[in-house]
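Source file: protein-v8.txt (compact mmCIF, C-alpha atoms)
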# COMPACT_ATOMS: atom_id res chain seq x y z
CA MET N 1229 128.33 110.01 127.24
CA SER N 1230 125.65 107.86 125.61
CA SER N 1231 122.18 109.10 124.74
CA SER N 1232 120.63 106.84 127.41
CA TRP N 1233 122.68 108.57 130.13
CA LEU N 1234 121.74 111.96 128.72
CA ASN N 1235 118.07 111.02 128.83
CA LEU N 1236 118.43 109.71 132.35
CA PHE N 1237 119.93 112.94 133.70
CA GLY N 1238 117.65 115.25 131.76
CA GLY N 1239 119.95 115.77 128.78
CA ARG N 1240 118.95 116.22 125.17
CA LYS N 1241 116.16 113.88 124.09
CA ASP N 1242 115.24 112.69 120.64
CA PRO N 1243 111.65 113.86 119.88
CA LYS N 1244 111.00 110.76 117.77
CA ALA N 1245 112.14 108.46 120.56
CA THR N 1246 110.13 110.41 123.13
CA ALA N 1247 106.92 110.16 121.09
CA ARG N 1248 107.54 106.50 120.35
CA ASP N 1249 108.18 105.67 124.03
CA ALA N 1250 105.06 107.54 125.09
CA ILE N 1251 102.91 105.67 122.58
CA VAL N 1252 104.37 102.32 123.65
CA ASN N 1253 103.75 103.08 127.34
CA LEU N 1254 100.17 104.16 126.66
CA ARG N 1255 99.44 101.00 124.68
CA GLN N 1256 100.88 98.88 127.46
CA GLN N 1257 98.58 100.64 129.91
CA LEU N 1258 95.63 100.05 127.60
CA SER N 1259 96.49 96.35 127.41
CA MET N 1260 96.56 96.14 131.22
CA LEU N 1261 93.19 97.87 131.47
CA GLU N 1262 91.69 95.47 128.95
CA LYS N 1263 92.84 92.52 131.07
CA LYS N 1264 91.37 94.21 134.14
CA GLU N 1265 88.06 94.62 132.32
CA GLU N 1266 88.05 90.92 131.39
CA TYR N 1267 88.68 89.99 135.04
CA LEU N 1268 85.89 92.26 136.27
CA GLN N 1269 83.48 90.87 133.70
CA LYS N 1270 84.13 87.37 135.00
CA LYS N 1271 83.53 88.52 138.57
CA ILE N 1272 80.28 90.20 137.52
CA ASP N 1273 79.11 86.97 135.87
CA GLU N 1274 80.03 84.96 138.99
CA GLU N 1275 78.17 87.31 141.35
CA MET N 1276 75.16 87.21 139.06
CA LYS N 1277 75.12 83.41 139.24
CA LYS N 1278 75.31 83.53 143.06
CA ALA N 1279 72.45 86.03 143.23
CA ARG N 1280 70.22 83.84 141.07
CA ALA N 1281 71.12 80.72 143.02
CA ASN N 1282 70.22 82.34 146.36
CA ALA N 1283 67.37 84.56 145.24
CA VAL N 1284 64.77 82.23 146.81
CA THR N 1285 66.63 80.22 149.45
CA ASN N 1286 69.03 82.85 150.86
CA LYS N 1287 68.02 86.41 150.12
CA ALA N 1288 70.85 87.90 152.24
CA ALA N 1289 73.51 86.07 150.20
CA ALA N 1290 71.75 87.07 146.98
CA THR N 1291 71.71 90.71 148.09
CA GLN N 1292 75.43 90.66 148.92
CA ALA N 1293 76.18 89.12 145.52
CA LEU N 1294 74.22 91.88 143.79
CA ARG N 1295 76.12 94.54 145.78
CA ARG N 1296 79.49 93.05 144.78
CA LYS N 1297 78.25 92.86 141.19
CA LYS N 1298 77.30 96.54 141.28
CA ALA N 1299 80.74 97.47 142.70
CA HIS N 1300 82.47 95.51 139.93
CA GLU N 1301 80.30 97.23 137.31
CA THR N 1302 81.16 100.66 138.75
CA GLU N 1303 84.87 99.85 138.62
CA MET N 1304 84.51 98.51 135.12
CA GLU N 1305 82.82 101.75 134.03
CA ARG N 1306 85.72 103.81 135.46
CA ILE N 1307 88.20 101.60 133.59
CA ALA N 1308 86.22 102.06 130.36
CA ASN N 1309 86.39 105.83 130.75
CA THR N 1310 90.12 105.63 131.47
CA ARG N 1311 90.64 103.49 128.38
CA LEU N 1312 88.79 106.06 126.27
CA THR N 1313 91.04 108.82 127.58
CA LEU N 1314 94.20 106.81 126.89
CA GLU N 1315 93.06 105.84 123.39
CA THR N 1316 92.35 109.50 122.62
CA GLN N 1317 95.81 110.42 123.85
CA VAL N 1318 97.43 107.69 121.75
CA ASN N 1319 95.61 108.91 118.64
CA ALA N 1320 96.70 112.48 119.34
CA LEU N 1321 100.33 111.41 119.82
CA GLU N 1322 100.31 109.37 116.62
CA SER N 1323 98.81 112.25 114.66
CA ALA N 1324 101.32 114.70 116.13
CA ASN N 1325 104.18 112.31 115.33
CA ILE N 1326 102.97 111.95 111.72
CA ASN N 1327 102.70 115.74 111.41
CA HIS N 1328 106.20 116.11 112.84
CA GLU N 1329 107.67 113.60 110.39
CA THR N 1330 105.77 115.25 107.54
CA MET N 1331 107.18 118.68 108.42
CA ILE N 1332 110.71 117.24 108.59
CA ALA N 1333 110.28 115.65 105.15
CA MET N 1334 108.88 118.90 103.70
CA LYS N 1335 111.75 120.90 105.18
CA ARG N 1336 114.29 118.52 103.67
CA GLY N 1337 112.52 118.77 100.34
CA SER N 1338 112.63 122.56 100.52
CA GLU N 1339 116.33 122.50 101.30
CA ALA N 1340 116.95 120.12 98.39
CA LEU N 1341 115.12 122.50 96.04
CA LYS N 1342 117.26 125.38 97.28
CA VAL N 1343 120.42 123.40 96.52
CA ILE N 1344 119.14 122.49 93.05
CA HIS N 1345 118.14 126.08 92.25
CA GLN N 1346 121.27 127.57 93.75
CA GLY N 1347 122.76 130.04 91.27
CA LEU N 1348 119.86 129.48 88.88
CA THR N 1349 117.88 132.57 87.90
CA ILE N 1350 115.15 133.24 85.37
CA ASP N 1351 117.61 135.31 83.29
CA LYS N 1352 119.95 132.34 83.05
CA VAL N 1353 117.06 130.08 82.05
CA ASP N 1354 115.97 132.55 79.34
CA ALA N 1355 119.54 132.82 78.06
CA THR N 1356 119.84 129.04 77.90
CA MET N 1357 116.54 128.71 76.04
CA ASP N 1358 117.59 131.42 73.55
CA SER N 1359 120.85 129.57 72.94
CA ILE N 1360 118.95 126.33 72.36
CA ARG N 1361 116.63 128.03 69.86
CA GLU N 1362 119.59 129.55 67.99
CA GLN N 1363 121.28 126.18 67.73
CA MET N 1364 118.05 124.55 66.51
CA GLU N 1365 117.65 127.22 63.83
CA LEU N 1366 121.28 126.70 62.78
CA THR N 1367 120.68 122.96 62.60
CA ASN N 1368 117.64 123.47 60.37
CA GLU N 1369 119.57 125.81 58.07
CA ILE N 1370 122.41 123.29 57.78
CA SER N 1371 119.92 120.49 57.02
CA ASP N 1372 118.23 122.61 54.32
CA ALA N 1373 121.59 123.47 52.78
CA ILE N 1374 122.62 119.82 52.64
CA ALA N 1375 119.26 118.78 51.17
CA ASN N 1376 119.41 121.33 48.28
CA PRO N 1377 120.76 119.90 44.97
CA ILE N 1378 124.20 120.97 43.81
CA ASN N 1379 124.08 122.89 40.47
CA MET N 1380 127.79 122.53 39.72
CA GLY N 1381 128.30 126.31 39.54
CA VAL N 1382 125.40 126.91 37.08
CA GLU N 1383 123.00 129.56 38.26
CA MET N 1384 119.44 128.43 37.58
CA ASP N 1385 116.67 131.01 37.15
CA GLU N 1386 113.43 129.34 38.19
CA ASP N 1387 111.26 131.80 36.24
CA GLU N 1388 113.29 131.23 33.10
CA LEU N 1389 113.00 127.48 33.46
CA LYS N 1390 109.23 127.73 33.88
CA GLU N 1391 109.00 129.93 30.77
CA GLN N 1392 111.02 127.44 28.70
CA LEU N 1393 108.88 124.57 29.90
CA ALA N 1394 105.69 126.43 28.94
CA GLU N 1395 107.10 127.10 25.43
CA LEU N 1396 107.93 123.41 24.97
CA GLU N 1397 104.44 122.40 26.05
CA GLN N 1398 102.88 124.89 23.60
CA GLU N 1399 105.08 123.67 20.71
CA GLU N 1400 104.13 120.07 21.43
CA LEU N 1401 100.44 120.99 21.51
CA ASP N 1402 100.66 122.95 18.25
CA SER N 1403 102.45 120.02 16.62
CA LYS N 1404 99.70 117.62 17.59
CA LEU N 1405 97.00 120.00 16.37
CA MET N 1406 98.71 120.42 12.96
CA GLY N 1407 99.04 116.69 12.60
CA ALA N 1408 95.37 116.20 13.31
CA GLU N 1409 94.41 118.78 10.64
CA ARG N 1410 96.54 117.08 7.95
CA ALA N 1411 95.17 113.63 8.68
CA PRO N 1412 92.71 112.52 5.89
CA VAL N 1413 89.18 111.88 6.87
CA HIS N 1414 87.76 108.61 5.60
CA ALA N 1415 84.76 109.11 3.37
CA PRO N 1416 82.55 106.38 1.91
CA SER N 1417 83.51 105.44 -1.67
CA GLU N 1418 81.20 106.35 -4.50
CA PRO N 1419 79.40 103.37 -6.02
CA SER N 1420 80.08 104.52 -9.57
CA ARG N 1421 83.89 104.33 -9.11
CA VAL N 1422 85.67 101.02 -8.97
CA SER N 1423 89.11 100.98 -7.43
CA ALA N 1424 91.82 99.31 -9.37
CA THR N 1425 93.40 97.93 -6.18
CA PRO N 1426 90.60 97.71 -3.58
CA GLN N 1427 92.55 95.67 -1.05
CA THR N 1428 95.54 98.07 -0.92
CA THR N 1429 93.30 101.16 -0.63
CA THR N 1430 91.28 99.67 2.18
CA ALA N 1431 94.40 98.80 4.16
CA GLU N 1432 95.82 102.30 3.76
CA GLU N 1433 92.55 103.87 4.82
CA ASP N 1434 92.35 101.65 7.90
CA GLU N 1435 95.89 102.63 8.86
CA GLU N 1436 95.17 106.34 8.39
CA GLU N 1437 91.97 106.05 10.39
CA ALA N 1438 93.83 104.34 13.21
CA GLN N 1439 96.44 107.09 13.21
CA LEU N 1440 93.70 109.70 13.33
CA ARG N 1441 92.04 108.02 16.30
CA ALA N 1442 95.40 107.86 18.06
CA LEU N 1443 96.00 111.57 17.55
CA GLN N 1444 92.50 112.39 18.70
CA ALA N 1445 93.04 110.34 21.83
CA GLU N 1446 96.31 112.14 22.56
CA MET N 1447 94.62 115.51 22.14
CA ALA N 1448 91.85 114.50 24.52
CA MET N 1449 94.37 113.67 27.28
For the structure just supplied, provide its representation as structure tokens.
Amino acid sequence: MSSSWLNLFGGRKDPKATARDAIVNLRQQLSMLEKKEEYLQKKIDEEMKKARANAVTNKAAATQALRRKKAHETEMERIANTRLTLETQVNALESANINHETMIAMKRGSEALKVIHQGLTIDKVDATMDSIREQMELTNEISDAIANPINMGVEMDEDELKEQLAELEQEELDSKLMGAERAPVHAPSEPSRVSATPQTTTAEEDEEEAQLRALQAEMAM
């Protein structure tokens, strides 16, 4: 049996369809009342014209026109009040329908969360996170092991290497200091002595002085 037959004989009704039909019917009624108001407003305007036209020449006709105008205004006021009631009801139905749809959506969301979290507990989450941390630590250890240089089976003592390096630095420094002490210092020649080979002596002295300056510069570094 179709849903229309069920609805006709008082069977199960769809709440969404019921709310929708009610809203549609109310809006149709509002539309009819609006047309009625437009008709009454025209009649009021017509009676007002008649009353003005007969206000001086035919007071009885003018009075009847004013009475009909007043009756139309009274009817129009009742229709306005009815429209207000229907509009309030439409707004209430629409709000209730929105709330109903919202609750259905929230219920479905809650059920979806239950399915997602089914069999999932905080202990399982903690165990998974611990496993992830262990694997990350293992990965870091493997990366460090791969990055370390291979010593080809020779055990290297870092302290011993540092000690040897310090000894080499000290020997190099002592060597430079001894060389600087043995280097001759150029002194001005005495006027009373005449060199047999002035050009050769001057060249040797310039070379020695250059070597001395080079050693002094190395020591200053």
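Shortest atom-to-atom contact with Gln1269 (chain N) among N:Gln1398, N:Gln1392, N:Thr1349, N:Thr1302: N:Thr1302, counting all atoms listed in the file.
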Leu1312 (chain N): which residues within 12 Å, counting all atoms listed in the file, same-chain residues fewer than 2 positions away excluded, as a PDB file with C-alpha atoms, in the coordinates of the input?
ATOM      1  CA  LEU N1254     100.170 104.160 126.660  1.00  0.00           C
ATOM      2  CA  ARG N1255      99.440 101.000 124.680  1.00  0.00           C
ATOM      3  CA  GLN N1257      98.580 100.640 129.910  1.00  0.00           C
ATOM      4  CA  LEU N1258      95.630 100.050 127.600  1.00  0.00           C
ATOM      5  CA  LEU N1261      93.190  97.870 131.470  1.00  0.00           C
ATOM      6  CA  GLU N1262      91.690  95.470 128.950  1.00  0.00           C
ATOM      7  CA  GLU N1305      82.820 101.750 134.030  1.00  0.00           C
ATOM      8  CA  ARG N1306      85.720 103.810 135.460  1.00  0.00           C
ATOM      9  CA  ILE N1307      88.200 101.600 133.590  1.00  0.00           C
ATOM     10  CA  ALA N1308      86.220 102.060 130.360  1.00  0.00           C
ATOM     11  CA  ASN N1309      86.390 105.830 130.750  1.00  0.00           C
ATOM     12  CA  THR N1310      90.120 105.630 131.470  1.00  0.00           C
ATOM     13  CA  LEU N1314      94.200 106.810 126.890  1.00  0.00           C
ATOM     14  CA  GLU N1315      93.060 105.840 123.390  1.00  0.00           C
ATOM     15  CA  THR N1316      92.350 109.500 122.620  1.00  0.00           C
ATOM     16  CA  GLN N1317      95.810 110.420 123.850  1.00  0.00           C
ATOM     17  CA  VAL N1318      97.430 107.690 121.750  1.00  0.00           C
ATOM     18  CA  ASN N1319      95.610 108.910 118.640  1.00  0.00           C
TER      19      ASN N1319
END
Tell me which protein, DNA and RNA residues are within 12 Å of Ala1320 (chain N), counting only C-alpha atoms, leaving out same-chain ones fewer than 5 positions away, and put them as number ranges by chain. N: 1247, 1250-1251, 1254, 1313-1315, 1325-1327
Quick one, how far is CA of Asp1358 (chain N) from CA of His1345 (chain N)? 19.5 Å
By how many Å are CA of Ala1373 (chain N) and CA of Asp1385 (chain N) apart?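 Those two atoms sit 18.0 Å apart.
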Which value, in Å to one decimal, gives the distance between CA of Ser1403 (chain N) and CA of Asp1434 (chain N)?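 Separation between CA of Ser1403 (chain N) and CA of Asp1434 (chain N): 22.7 Å.
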